[in-house]
>>> print(open('my_file.txt').read())   # compact mmCIF, C-alpha atoms
# COMPACT_ATOMS: atom_id res chain seq x y z
CA MET A 1149 125.88 152.35 76.36
CA PHE A 1150 127.70 151.69 73.10
CA LEU A 1151 130.70 150.39 75.04
CA LEU A 1152 128.61 147.44 76.26
CA LEU A 1153 127.62 146.28 72.79
CA PRO A 1154 130.82 144.26 72.12
CA PHE A 1155 130.47 142.53 75.48
CA ASP A 1156 126.80 141.74 74.83
CA SER A 1157 127.71 140.41 71.41
CA LEU A 1158 130.39 138.19 72.95
CA VAL A 1159 127.92 136.78 75.49
CA VAL A 1160 125.39 136.05 72.75
CA ASN A 1161 128.03 134.34 70.62
CA LEU A 1162 129.24 132.22 73.54
CA LEU A 1163 125.67 131.26 74.38
CA GLY A 1164 124.99 130.32 70.78
CA ILE A 1165 128.16 128.23 70.60
CA SER A 1166 127.28 126.49 73.88
CA ILE A 1167 123.79 125.60 72.65
CA THR A 1168 125.19 124.35 69.34
CA VAL A 1169 127.79 122.19 71.08
CA LEU A 1170 125.17 120.81 73.50
CA PHE A 1171 122.76 119.96 70.69
CA THR A 1172 125.57 118.33 68.68
CA LEU A 1173 126.58 116.20 71.67
CA LEU A 1174 122.95 115.18 72.24
CA LEU A 1175 122.56 114.27 68.59
CA VAL A 1176 125.83 112.32 68.28
CA PHE A 1177 125.98 110.54 71.62
CA ILE A 1178 122.31 110.06 72.57
CA ILE A 1179 119.71 110.60 69.83
CA VAL A 1180 121.48 108.87 66.94
CA PRO A 1181 122.54 105.84 69.07
CA ALA A 1182 118.94 105.63 70.32
CA ILE A 1183 117.65 105.52 66.73
CA PHE A 1184 119.94 102.61 65.85
CA GLY A 1185 119.76 100.90 69.26
CA VAL A 1186 123.48 101.10 70.02
CA SER A 1187 125.36 102.29 73.08
CA PHE A 1188 128.87 103.69 73.58
CA GLY A 1189 129.05 102.30 77.13
CA ILE A 1190 129.13 105.76 78.74
CA ARG A 1191 126.25 104.93 81.10
CA ARG A 1192 127.98 101.74 82.27
CA VAL A 1193 131.16 103.65 83.12
CA TYR A 1194 129.02 106.25 84.89
CA MET A 1195 127.31 103.53 86.95
CA LYS A 1196 130.61 101.89 87.97
CA THR A 1197 132.00 105.28 89.03
CA LEU A 1198 128.94 105.93 91.18
CA LEU A 1199 129.27 102.52 92.82
CA LYS A 1200 132.84 103.27 93.86
CA ILE A 1201 131.79 106.63 95.31
CA PHE A 1202 128.91 105.02 97.24
CA GLN A 1203 131.21 102.34 98.64
CA TRP A 1204 133.74 104.96 99.77
CA ALA A 1205 130.98 107.08 101.37
CA THR A 1206 129.55 104.08 103.24
CA LEU A 1207 132.99 103.01 104.53
CA ARG A 1208 133.71 106.58 105.64
CA ILE A 1209 130.42 106.74 107.57
CA GLU A 1210 131.01 103.34 109.17
CA ARG A 1211 134.52 104.39 110.22
CA GLY A 1212 133.16 107.58 111.74
CA ALA A 1213 130.58 105.61 113.70
CA LYS A 1214 133.26 103.22 114.94
CA GLU A 1215 135.57 106.06 116.06
CA LYS A 1216 132.77 107.59 118.11
CA ASN A 1217 131.80 104.18 119.51
CA HIS A 1218 128.37 104.38 117.96
CA PRO A 1219 126.84 100.99 117.06
CA LEU A 1220 125.86 100.91 113.43
CA TYR A 1221 123.11 98.38 112.76
CA LYS A 1222 121.99 97.49 109.31
CA PRO A 1223 118.36 96.44 109.23
CA TYR A 1224 117.11 93.91 106.74
CA VAL A 1225 116.19 95.51 103.45
CA ASN A 1226 112.68 94.04 103.41
CA GLY A 1227 112.14 94.42 107.14
CA ILE A 1228 110.20 91.18 107.43
CA ILE A 1229 109.70 89.51 110.80
CA ALA A 1230 110.62 85.82 110.64
CA LYS A 1231 107.48 83.74 111.07
CA GLU A 1232 107.10 79.99 111.25
CA PRO A 1233 104.79 78.61 108.54
CA THR A 1234 102.37 76.97 110.98
CA SER A 1235 98.61 76.60 110.78
CA LEU A 1236 95.98 78.08 113.08
CA GLU A 1237 95.25 74.64 114.53
CA GLU A 1238 98.91 73.90 115.34
CA GLU A 1239 99.49 77.26 117.02
CA ILE A 1240 96.37 77.07 119.18
CA LYS A 1241 97.30 73.52 120.13
CA GLU A 1242 100.71 74.75 121.30
CA ILE A 1243 99.10 77.57 123.32
CA ARG A 1244 96.75 75.13 125.05
CA ARG A 1245 99.56 72.75 125.93
CA SER A 1246 101.75 75.49 127.40
CA GLY A 1247 98.83 77.10 129.22
CA SER A 1248 96.14 74.79 130.56
CA GLY A 1249 97.81 71.51 129.65
CA LYS A 1250 94.68 70.36 127.84
CA ALA A 1251 94.86 68.74 124.45
CA LEU A 1252 93.27 70.04 121.30
CA ASP A 1253 90.56 67.36 121.32
CA THR A 1254 88.69 69.39 123.95
CA PRO A 1255 85.66 70.68 122.02
CA GLU A 1256 84.92 73.62 124.29
CA PHE A 1257 86.18 77.11 123.73
CA GLU A 1258 89.35 77.85 125.71
CA LEU A 1259 90.03 81.38 126.96
CA SER A 1260 93.71 80.94 126.08
CA ASP A 1261 92.72 80.72 122.39
CA ILE A 1262 92.28 84.49 122.47
CA PHE A 1263 96.06 84.92 122.78
CA TYR A 1264 96.55 83.49 119.30
CA PHE A 1265 94.35 86.14 117.68
CA CYS A 1266 95.85 88.89 119.88
CA ARG A 1267 99.36 87.94 118.85
CA LYS A 1268 98.41 87.77 115.18
CA GLY A 1269 96.81 91.20 115.42
CA ILE A 1270 99.87 92.76 117.05
CA GLU A 1271 102.17 91.09 114.50
CA THR A 1272 100.06 92.54 111.70
CA ILE A 1273 100.26 96.03 113.18
CA MET A 1274 104.02 95.83 113.75
CA ASP A 1275 104.82 94.06 110.48
CA ASP A 1276 102.05 94.84 108.02
CA GLU A 1277 102.85 92.88 104.87
CA VAL A 1278 100.65 95.17 102.77
CA THR A 1279 101.31 98.72 103.97
CA LYS A 1280 105.10 98.43 103.90
CA ARG A 1281 104.92 97.47 100.20
CA PHE A 1282 103.88 101.04 99.44
CA SER A 1283 106.82 102.86 101.02
CA ALA A 1284 110.38 103.32 99.78
CA GLU A 1285 112.71 100.40 100.34
CA GLU A 1286 115.32 101.19 103.02
CA LEU A 1287 118.91 101.07 101.80
CA GLU A 1288 121.90 99.51 103.52
CA SER A 1289 124.15 102.36 102.37
CA TRP A 1290 123.97 106.06 101.61
CA ASN A 1291 123.61 107.00 97.95
CA LEU A 1292 124.24 110.77 98.40
CA LEU A 1293 120.58 111.43 97.54
CA SER A 1294 118.78 111.08 100.84
CA ARG A 1295 119.19 109.21 104.10
CA THR A 1296 116.97 106.21 103.55
CA ASN A 1297 118.91 104.40 106.28
CA TYR A 1298 118.55 106.47 109.44
CA ASN A 1299 121.45 104.74 111.20
CA PHE A 1300 123.93 106.71 109.07
CA GLN A 1301 124.21 109.92 111.07
CA TYR A 1302 127.97 110.60 110.98
CA ILE A 1303 128.99 112.49 107.84
CA SER A 1304 132.36 114.18 107.50
CA LEU A 1305 133.10 117.53 105.84
CA ARG A 1306 134.42 115.79 102.74
CA LEU A 1307 131.16 113.86 102.39
CA THR A 1308 129.15 117.04 102.82
CA VAL A 1309 131.17 118.75 100.07
CA LEU A 1310 130.73 115.68 97.86
CA TRP A 1311 126.98 115.73 98.49
CA GLY A 1312 126.84 119.44 97.55
CA LEU A 1313 128.77 118.74 94.36
CA GLY A 1314 126.30 115.97 93.58
CA VAL A 1315 123.37 118.37 94.00
CA LEU A 1316 124.95 120.78 91.51
CA ILE A 1317 125.58 117.99 88.99
CA ARG A 1318 122.08 116.53 89.30
CA TYR A 1319 120.12 119.80 89.21
CA CYS A 1320 122.31 122.02 87.04
CA PHE A 1321 123.57 119.50 84.46
CA LEU A 1322 121.61 116.24 84.49
CA LEU A 1323 118.15 117.75 84.99
CA PRO A 1324 118.26 120.21 82.02
CA LEU A 1325 119.82 117.50 79.85
CA ARG A 1326 117.14 114.98 80.78
CA ILE A 1327 114.30 117.47 80.29
CA ALA A 1328 115.64 118.24 76.81
CA LEU A 1329 115.81 114.54 75.97
CA ALA A 1330 112.31 113.86 77.34
CA PHE A 1331 110.91 116.77 75.34
CA THR A 1332 112.69 115.48 72.22
CA GLY A 1333 111.42 111.94 72.71
CA ILE A 1334 107.80 112.95 73.37
CA SER A 1335 107.76 115.46 70.49
CA LEU A 1336 109.13 112.87 68.07
CA LEU A 1337 106.60 110.30 69.33
CA VAL A 1338 103.62 112.61 68.77
CA THR A 1339 104.90 113.89 65.42
CA GLY A 1340 106.07 110.53 64.11
CA THR A 1341 102.96 108.55 65.05
CA THR A 1342 100.70 111.29 63.65
CA VAL A 1343 102.51 111.22 60.30
CA VAL A 1344 102.57 107.42 60.18
CA GLY A 1345 98.85 107.39 61.01
CA TYR A 1346 98.03 108.99 57.64
CA LEU A 1347 99.68 106.15 55.72
CA PRO A 1348 97.49 103.34 54.32
CA ASN A 1349 97.38 100.13 56.33
CA GLY A 1350 100.02 97.67 55.31
CA ARG A 1351 103.51 96.40 55.98
CA CYS A 1352 105.13 99.78 55.43
CA LYS A 1353 102.90 101.45 58.04
CA ASP A 1354 103.47 98.62 60.55
CA PHE A 1355 107.23 98.76 60.02
CA LEU A 1356 107.42 102.54 60.46
CA SER A 1357 105.05 102.49 63.45
CA LYS A 1358 107.15 99.91 65.28
CA HIS A 1359 110.41 101.73 64.73
CA VAL A 1360 109.04 105.18 65.55
CA HIS A 1361 107.73 103.84 68.87
CA LEU A 1362 111.00 102.02 69.57
CA MET A 1363 113.17 105.02 68.71
CA CYS A 1364 111.17 107.43 70.88
CA TYR A 1365 111.05 105.07 73.86
CA ARG A 1366 114.82 104.62 73.67
CA ILE A 1367 115.30 108.39 73.75
CA CYS A 1368 112.99 108.60 76.79
CA VAL A 1369 114.98 105.83 78.49
CA ARG A 1370 118.13 107.90 78.03
CA ALA A 1371 116.27 110.87 79.51
CA LEU A 1372 116.22 108.89 82.77
CA THR A 1373 119.80 107.63 82.36
CA ALA A 1374 118.30 104.17 82.54
CA ILE A 1375 120.81 101.31 82.58
CA ILE A 1376 118.88 98.16 81.73
CA THR A 1377 120.10 94.58 81.52
CA TYR A 1378 117.83 92.28 79.51
CA HIS A 1379 118.00 88.51 80.04
CA ASP A 1380 116.71 85.63 77.87
CA ARG A 1381 115.62 87.77 74.95
CA GLU A 1382 114.62 84.68 73.02
CA ASN A 1383 111.49 84.61 75.23
CA ARG A 1384 110.33 88.09 74.26
CA PRO A 1385 106.54 88.37 73.71
CA ARG A 1386 105.18 87.68 70.24
CA ASN A 1387 102.11 88.75 68.32
CA GLY A 1388 98.81 87.38 69.56
CA GLY A 1389 100.02 87.06 73.15
CA ILE A 1390 99.80 88.97 76.42
CA CYS A 1391 102.87 90.28 78.25
CA VAL A 1392 102.37 90.50 82.03
CA ALA A 1393 104.90 92.03 84.42
CA ASN A 1394 105.21 93.16 88.02
CA HIS A 1395 104.47 96.87 88.44
CA THR A 1396 106.68 99.37 90.25
CA SER A 1397 106.45 102.57 88.28
CA PRO A 1398 104.86 104.19 85.21
CA ILE A 1399 108.30 103.98 83.60
CA ASP A 1400 107.91 100.17 83.49
CA VAL A 1401 106.23 100.77 80.13
CA ILE A 1402 109.25 102.65 78.78
CA ILE A 1403 111.66 100.05 80.18
CA LEU A 1404 109.93 97.21 78.30
CA ALA A 1405 108.91 99.11 75.16
CA SER A 1406 112.51 100.22 74.53
CA ASP A 1407 113.38 96.57 73.82
CA GLY A 1408 110.28 95.34 71.99
CA TYR A 1409 106.99 96.20 70.35
CA TYR A 1410 103.78 96.30 72.41
CA ALA A 1411 100.19 97.42 72.20
CA MET A 1412 99.31 99.43 75.30
CA VAL A 1413 96.16 99.05 77.37
CA GLY A 1414 94.85 101.87 79.50
CA GLN A 1415 92.30 104.50 80.30
CA ILE A 1416 91.88 107.56 78.10
CA HIS A 1417 93.32 110.69 79.68
CA GLY A 1418 93.12 114.39 78.97
CA GLY A 1419 95.84 117.00 78.63
CA LEU A 1420 99.29 116.09 77.36
CA MET A 1421 98.73 112.38 78.01
CA GLY A 1422 95.56 112.50 75.93
CA VAL A 1423 97.43 114.13 73.02
CA ILE A 1424 100.07 111.36 73.16
CA GLN A 1425 97.41 108.62 73.31
CA ARG A 1426 95.46 109.99 70.34
CA ALA A 1427 98.65 110.24 68.28
CA MET A 1428 99.83 106.74 69.20
CA VAL A 1429 96.55 105.02 68.37
CA LYS A 1430 96.67 106.43 64.83
CA ALA A 1431 99.83 104.47 64.08
CA CYS A 1432 99.27 101.34 66.19
CA PRO A 1433 96.14 99.53 67.47
CA HIS A 1434 96.54 100.35 71.16
CA VAL A 1435 93.55 99.55 73.38
CA TRP A 1436 92.26 102.67 75.15
CA PHE A 1437 89.13 102.68 77.31
CA GLU A 1438 86.83 105.46 78.44
CA ARG A 1439 86.52 105.94 82.20
CA SER A 1440 83.03 104.39 82.17
CA GLU A 1441 84.17 101.41 80.10
CA VAL A 1442 86.98 100.37 82.46
CA LYS A 1443 84.46 99.17 85.06
CA ASP A 1444 82.74 96.91 82.50
CA ARG A 1445 84.74 93.68 82.84
CA HIS A 1446 82.90 91.98 79.97
CA LEU A 1447 83.59 94.84 77.57
CA VAL A 1448 87.27 94.93 78.53
CA ALA A 1449 87.57 91.14 78.14
CA ARG A 1450 85.89 91.25 74.73
CA ARG A 1451 88.16 94.02 73.44
CA LEU A 1452 91.27 92.18 74.65
CA THR A 1453 90.07 88.87 73.17
CA GLU A 1454 89.46 90.48 69.77
CA HIS A 1455 92.96 91.95 69.87
CA VAL A 1456 94.86 88.74 70.71
CA GLN A 1457 92.88 86.69 68.18
CA ASP A 1458 94.36 88.83 65.42
CA LYS A 1459 97.87 87.39 65.07
CA SER A 1460 99.01 90.40 63.06
CA LYS A 1461 98.59 92.71 66.07
CA LEU A 1462 101.29 93.37 68.64
CA PRO A 1463 101.28 91.63 72.04
CA ILE A 1464 99.36 93.45 74.75
CA LEU A 1465 101.32 94.82 77.72
CA ILE A 1466 99.44 94.47 81.03
CA PHE A 1467 100.34 94.95 84.69
CA PRO A 1468 97.87 92.66 86.50
CA GLU A 1469 98.63 94.01 90.01
CA GLY A 1470 96.69 97.14 89.11
CA THR A 1471 98.88 99.42 91.25
CA CYS A 1472 102.54 100.19 91.87
CA ILE A 1473 104.41 98.08 94.47
CA ASN A 1474 107.81 99.05 95.91
CA ASN A 1475 109.67 96.28 94.03
CA THR A 1476 110.20 94.10 97.10
CA SER A 1477 107.26 91.80 96.34
CA VAL A 1478 104.60 90.76 93.84
CA MET A 1479 101.00 91.07 94.98
CA MET A 1480 97.78 89.49 93.73
CA PHE A 1481 97.23 89.45 89.96
CA LYS A 1482 93.78 90.40 88.71
CA LYS A 1483 92.33 87.42 86.87
CA GLY A 1484 90.84 89.34 83.90
CA SER A 1485 93.82 89.03 81.57
CA PHE A 1486 94.15 85.30 82.39
CA GLU A 1487 90.57 84.44 81.38
CA ILE A 1488 91.11 85.24 77.71
CA GLY A 1489 92.94 82.01 76.88
CA ALA A 1490 95.88 83.63 75.10
CA THR A 1491 99.53 82.73 75.57
CA VAL A 1492 101.01 84.67 78.49
CA TYR A 1493 104.59 85.94 78.39
CA PRO A 1494 105.73 86.68 81.98
CA VAL A 1495 108.36 89.37 82.59
CA ALA A 1496 110.14 90.10 85.88
CA ILE A 1497 111.50 93.61 86.52
CA LYS A 1498 113.90 94.28 89.40
CA TYR A 1499 115.23 97.79 90.10
CA ASP A 1500 118.44 98.65 91.96
CA PRO A 1501 117.44 101.36 94.50
CA GLN A 1502 121.06 102.42 95.09
CA PHE A 1503 120.96 104.89 92.20
CA GLY A 1504 117.38 106.10 92.54
CA ASP A 1505 114.08 104.77 93.86
CA ALA A 1506 111.83 104.00 90.88
CA PHE A 1507 108.77 103.24 93.04
CA TRP A 1508 105.86 105.64 92.52
CA ASN A 1509 103.92 106.22 95.73
CA SER A 1510 100.87 107.75 94.06
CA SER A 1511 99.22 108.54 97.41
CA LYS A 1512 102.23 110.70 98.37
CA TYR A 1513 103.58 112.17 95.12
CA GLY A 1514 101.84 113.50 92.04
CA MET A 1515 103.08 112.57 88.56
CA VAL A 1516 105.01 115.82 88.07
CA THR A 1517 106.75 115.52 91.46
CA TYR A 1518 107.54 111.87 90.79
CA LEU A 1519 109.09 112.61 87.38
CA LEU A 1520 111.14 115.41 88.94
CA ARG A 1521 112.46 112.95 91.53
CA MET A 1522 113.33 110.49 88.76
CA MET A 1523 115.13 113.10 86.68
CA THR A 1524 117.16 114.35 89.65
CA SER A 1525 118.26 110.88 90.76
CA TRP A 1526 121.62 109.47 89.71
CA ALA A 1527 120.20 106.87 87.34
CA ILE A 1528 117.56 104.16 86.95
CA VAL A 1529 119.24 100.75 87.03
CA CYS A 1530 117.23 97.57 86.57
CA SER A 1531 117.26 94.01 85.26
CA VAL A 1532 114.55 92.52 83.06
CA TRP A 1533 113.98 88.76 82.69
CA TYR A 1534 111.84 87.36 79.87
CA LEU A 1535 110.38 84.10 81.15
CA PRO A 1536 109.25 81.21 78.91
CA PRO A 1537 105.66 81.57 77.63
CA MET A 1538 102.94 79.99 79.75
CA THR A 1539 99.46 78.72 78.83
CA ARG A 1540 96.47 77.86 80.96
CA GLN A 1541 96.23 74.17 81.78
CA PRO A 1542 92.91 72.30 81.29
CA GLU A 1543 92.45 71.74 85.04
CA GLU A 1544 93.29 75.34 85.97
CA ASP A 1545 90.90 78.22 86.50
CA ALA A 1546 91.90 81.83 85.83
CA VAL A 1547 92.89 82.49 89.46
CA GLN A 1548 95.17 79.44 89.65
CA PHE A 1549 96.78 80.36 86.33
CA ALA A 1550 97.35 83.94 87.53
CA ASN A 1551 98.95 82.69 90.75
CA ARG A 1552 101.24 80.34 88.82
CA VAL A 1553 102.45 83.17 86.59
CA LYS A 1554 102.87 85.46 89.60
CA SER A 1555 104.96 82.88 91.45
CA ALA A 1556 107.23 82.46 88.42
CA ILE A 1557 107.80 86.23 88.21
CA ALA A 1558 108.47 86.52 91.96
CA ARG A 1559 110.91 83.62 91.92
CA GLN A 1560 112.89 84.98 88.97
CA GLY A 1561 113.01 88.55 90.26
CA GLY A 1562 113.90 87.59 93.84
CA LEU A 1563 110.65 89.14 95.10
CA VAL A 1564 108.32 88.09 97.91
CA ASP A 1565 105.21 86.30 96.59
CA LEU A 1566 102.16 87.71 98.41
CA LEU A 1567 98.49 86.74 98.09
CA TRP A 1568 97.21 90.16 99.19
CA ASP A 1569 95.36 92.44 96.79
CA GLY A 1570 97.23 95.64 95.96
CA GLY A 1571 93.88 97.42 96.15
CA LEU A 1572 94.28 97.37 99.95
CA LYS A 1573 96.54 100.36 99.36
CA ARG A 1574 93.41 102.50 99.29
CA GLU A 1575 90.64 100.20 100.53
CA LYS A 1576 89.76 98.45 103.77
CA VAL A 1577 90.20 94.73 104.27
CA LYS A 1578 87.24 92.82 102.91
CA ASP A 1579 84.95 91.09 105.38
CA ALA A 1580 85.65 87.82 103.54
CA PHE A 1581 89.21 87.75 104.97
CA LYS A 1582 87.87 88.13 108.50
CA GLU A 1583 85.19 85.51 107.94
CA GLU A 1584 87.79 83.08 106.63
CA GLN A 1585 89.64 83.10 109.97
CA GLN A 1586 86.35 82.69 111.83
CA LYS A 1587 85.44 79.70 109.69
CA LEU A 1588 88.83 78.07 110.25
CA TYR A 1589 88.49 78.38 114.01
CA SER A 1590 84.87 77.17 113.99
CA LYS A 1591 85.78 74.22 111.81
CA MET A 1592 88.57 73.29 114.23
CA ILE A 1593 86.19 73.30 117.21
CA VAL A 1594 83.35 71.51 115.42
CA GLY A 1595 85.70 69.00 113.86
CA SER A 1596 87.20 68.13 117.23
CA HIS A 1597 83.71 67.69 118.71
CA GLU A 1598 82.62 65.36 115.89
CA ASP A 1599 85.80 63.26 116.21
CA ARG A 1600 85.18 62.87 119.94
CA SER A 1601 81.51 61.85 119.37
CA ARG A 1602 82.53 59.08 117.00
CA SER A 1603 84.98 57.67 119.53
>>> encode(input="my_file.txt", output="C-alpha cells")
Amino acid sequence: MFLLLPFDSLVVNLLGISITVLFTLLLVFIIVPAIFGVSFGIRRVYMKTLLKIFQWATLRIERGAKEKNHPLYKPYVNGIIAKEPTSLEEEIKEIRRSGSGKALDTPEFELSDIFYFCRKGIETIMDDEVTKRFSAEELESWNLLSRTNYNFQYISLRLTVLWGLGVLIRYCFLLPLRIALAFTGISLLVTGTTVVGYLPNGRCKDFLSKHVHLMCYRICVRALTAIITYHDRENRPRNGGICVANHTSPIDVIILASDGYYAMVGQIHGGLMGVIQRAMVKACPHVWFERSEVKDRHLVARRLTEHVQDKSKLPILIFPEGTCINNTSVMMFKKGSFEIGATVYPVAIKYDPQFGDAFWNSSKYGMVTYLLRMMTSWAIVCSVWYLPPMTRQPEEDAVQFANRVKSAIARQGGLVDLLWDGGLKREKVKDAFKEEQQKLYSKMIVGSHEDRSRS
C-alpha cells in the first residue's frame, strides 16, 4: 500500500499543475481580453482552419459520388418554390381562358375556379412558408457535425477518422472549456451586479453597471466561441430609444449586449434565471414583468413608455417577432413596441450555419439540450448590422411602421420578408386569413357583375 503513495502523489501533482495551467490560459487568453474588449485573433484563425477542412471534406464527398456515378444534387438553401407574383383575379382569368374560353367578365361562378384554390392549397402543403421557418436550414456542404444535407452519403475512411477526431475535440476539450467560461461569466454577472446594486445611484453606479454587464457578456460570448462581425457601429442604439432585431436564438441577447449597453425586457422566471434577473435589476433598470402582467398590453406599453422617456436610461432591447425563426426570414413584428413613439434602432443578425446552427427550435429541444448543442458545435459565427435610426412618420400607423422596419432588417440581412405571424408556430391559422380570400373572390365576382350592368 505504501508503495503506491509516491505514484498517487505524482498524479495529484500533475492534476494540480494541469488545472493551474488551464486556469492561467483562461485568464490570460480569454477572461482578461474579454474585460478589456480585445482579441488576439485566435478565433479567426480557428474559423479559417475549419473552413479549409469543410471545403476539403465536401470535395472528397463529391469526388466519391462522381466515382460511383451517383448524381449529387444540391437543393436550394431556403427550399422555396418559385412563384409568380400574380393576383387572384389574374390567375383565375388565366384558368378560365385555358379551360372554358370564357372571359373574366362572366359574372357567374365557374367550376374551373376551384382549380385555383386547389392548386394554392397543394402549394401551401408542399411549400409551407411558415412551418419550414421553424426547422434547421439545410446546408450545401457537410460540416462534420451532422448530415443536414442528405445527398452526401459517400464518406471515406479518412473522413470518418476526421469526424471521430472532431467528436473528441468538441466533447473532451471544447465542451469543458466552454462550461468553465459560462460558469465564470454567469458567476461574475450575479456577483458583480449584486455588489453594484448596493451602491448609491449616480454616475459611478451607472459606469460600473455598464462595464460589469459588458465584461460578463463578452466572457459568455467566448464560452460559445462566437465570432461576430459588427457593421456600421456609428448607428448603435442610444439612450431613450428602442433596439429591435430579428430573433433566431436566446443567444441573440448575448451577441448584441457584448457590443453595447441595453436594458432587457422579459418575463420573470424562477430558478437560476430568476436569480440572474434579480441580480441584474439591482444594478440596471431592466424591465421585468410577472406572468400575469405580460398579457396586459396597456401595462406593458406604459412601462416601456416611462422607460424611454427617461433619457438617462439605456435603450430597450426587443425582439418583435415574439419567437425564434431559423434565420432564413423575418416574420411579422408585433406592433406594441412601435406604438410608443420612441426612436427605433433596427439591427439585422445573420448567422453562418456552417459552424453550428444557432436556431432554437423550442418545440423540439429544451433549453438545456439547446445549450449543449451550442457548446458542442464548432463555433457560432454571425454578422450584425446596425441600421440608421428610424422614426414613425405622421401618416403611418404602428403596423405600417413595424413593416417598414422589418423590411429594412430583412433587406440588410439577406432574409426573406414574410407577413405571416410567428405565432402560427403553435397556433392555427386565424379565420380572418380564410375570410380574406373569400372576400377577394366575392369582390371579383360582384365587381364583374356590376361592371356588366353599367354597360
>>> closest_residue(input="my_file.txt", among="A:Arg1521, A:His1417, A:His1395, A:Arg1451", to="Gly1470 of chain A", atoms="only C-alpha atoms")
A:His1395
>>> residues_around(input="my_file.txt", residues="Ala1506 of chain A", least_positions_apart="5", cutoff="10 Å", atoms="all atoms listed in the file", output="list in words")
Ala1284, Thr1396, Ser1397, Pro1398, Ile1399, Asp1400, Asn1474, Asn1475, Tyr1499, Asp1500, Pro1501, Tyr1518, Leu1519, Arg1521, Met1522, Ser1525, Ala1527, Ile1528, Val1529 and Cys1530 of chain A
>>> closest_residue(input="my_file.txt", among="A:Trp1526, A:Trp1533, A:Tyr1365, A:Phe1467", to="Ala1182 of chain A", atoms="all atoms listed in the file")
A:Tyr1365
>>> residues_around(input="my_file.txt", residues="Lys1554 of chain A", least_positions_apart="6", cutoff="10 Å", atoms="all atoms listed in the file", output="MDAnalysis selection string")
chainID A and resid 1392:1394 1468:1469 1478:1481 1494:1496 1548 1565:1567
>>> closest_residue(input="my_file.txt", among="A:Arg1192, A:Tyr1513, A:Ile1557, A:Val1338", to="Met1421 of chain A", atoms="all atoms listed in the file")
A:Val1338
>>> atom_distance(input="my_file.txt", atom1="atom CA of Val1492 of chain A", atom2="atom CA of Thr1539 of chain A")
6.2 Å
>>> residues_around(input="my_file.txt", residues="Val1435 of chain A", least_positions_apart="3", cutoff="10 Å", atoms="all atoms listed in the file", output="PDB file with C-alpha atoms, in the frame of the given file")
ATOM      1  CA  ALA A1411     100.190  97.420  72.200  1.00  0.00           C
ATOM      2  CA  MET A1412      99.310  99.430  75.300  1.00  0.00           C
ATOM      3  CA  VAL A1413      96.160  99.050  77.370  1.00  0.00           C
ATOM      4  CA  GLY A1414      94.850 101.870  79.500  1.00  0.00           C
ATOM      5  CA  GLN A1415      92.300 104.500  80.300  1.00  0.00           C
ATOM      6  CA  ILE A1416      91.880 107.560  78.100  1.00  0.00           C
ATOM      7  CA  GLN A1425      97.410 108.620  73.310  1.00  0.00           C
ATOM      8  CA  VAL A1429      96.550 105.020  68.370  1.00  0.00           C
ATOM      9  CA  CYS A1432      99.270 101.340  66.190  1.00  0.00           C
ATOM     10  CA  VAL A1448      87.270  94.930  78.530  1.00  0.00           C
ATOM     11  CA  ARG A1451      88.160  94.020  73.440  1.00  0.00           C
ATOM     12  CA  LEU A1452      91.270  92.180  74.650  1.00  0.00           C
ATOM     13  CA  HIS A1455      92.960  91.950  69.870  1.00  0.00           C
ATOM     14  CA  ILE A1464      99.360  93.450  74.750  1.00  0.00           C
TER      15      ILE A1464
END
>>> atom_distance(input="my_file.txt", atom1="atom CA of Lys1353 of chain A", atom2="atom CA of Asn1387 of chain A")
16.4 Å
>>> atom_distance(input="my_file.txt", atom1="atom CA of Pro1348 of chain A", atom2="atom CA of Tyr1409 of chain A")
20.0 Å
>>> closest_atom_pairs(input="my_file.txt", of="segment 1372-1467 of chain A", to="segment 1330-1334 of chain A", cutoff="12 Å", atoms="only C-alpha atoms", output="CSV")
residue,atom,partner,partner_atom,distance
A:Leu1372,CA,A:Ala1330,CA,8.3
A:Thr1373,CA,A:Ala1330,CA,11.0
A:Ile1402,CA,A:Gly1333,CA,11.3
A:Ser1406,CA,A:Gly1333,CA,11.9
A:Leu1420,CA,A:Ile1334,CA,9.9
A:Met1421,CA,A:Ile1334,CA,10.2
A:Val1423,CA,A:Ile1334,CA,10.4
A:Ile1424,CA,A:Ile1334,CA,7.9
A:Gln1425,CA,A:Ile1334,CA,11.3
A:Ala1427,CA,A:Ile1334,CA,10.8
A:Met1428,CA,A:Ile1334,CA,10.9
>>> closest_residue(input="my_file.txt", among="A:Ala1371, A:Leu1162, A:Ile1466, A:Leu1207", to="Lys1483 of chain A", atoms="only C-alpha atoms")
A:Ile1466
>>> closest_residue(input="my_file.txt", among="A:Arg1370, A:Lys1214, A:Lys1196, A:Lys1498", to="Ser1531 of chain A", atoms="all atoms listed in the file")
A:Lys1498
>>> residues_around(input="my_file.txt", residues="Leu1310 of chain A", least_positions_apart="4", cutoff="12 Å", atoms="only C-alpha atoms", output="ChimeraX atom specification")
/A:1198,1201-1202,1204-1205,1291-1293,1303-1306,1314-1317
>>> closest_residue(input="my_file.txt", among="A:Leu1447, A:Leu1520, A:Leu1325, A:Leu1535", to="Arg1381 of chain A", atoms="only C-alpha atoms")
A:Leu1535
>>> residues_around(input="my_file.txt", residues="Arg1384 of chain A", least_positions_apart="5", cutoff="8 Å", atoms="all atoms listed in the file", output="list in words")
Gly1408, Tyr1493, Tyr1534 and Leu1535 of chain A
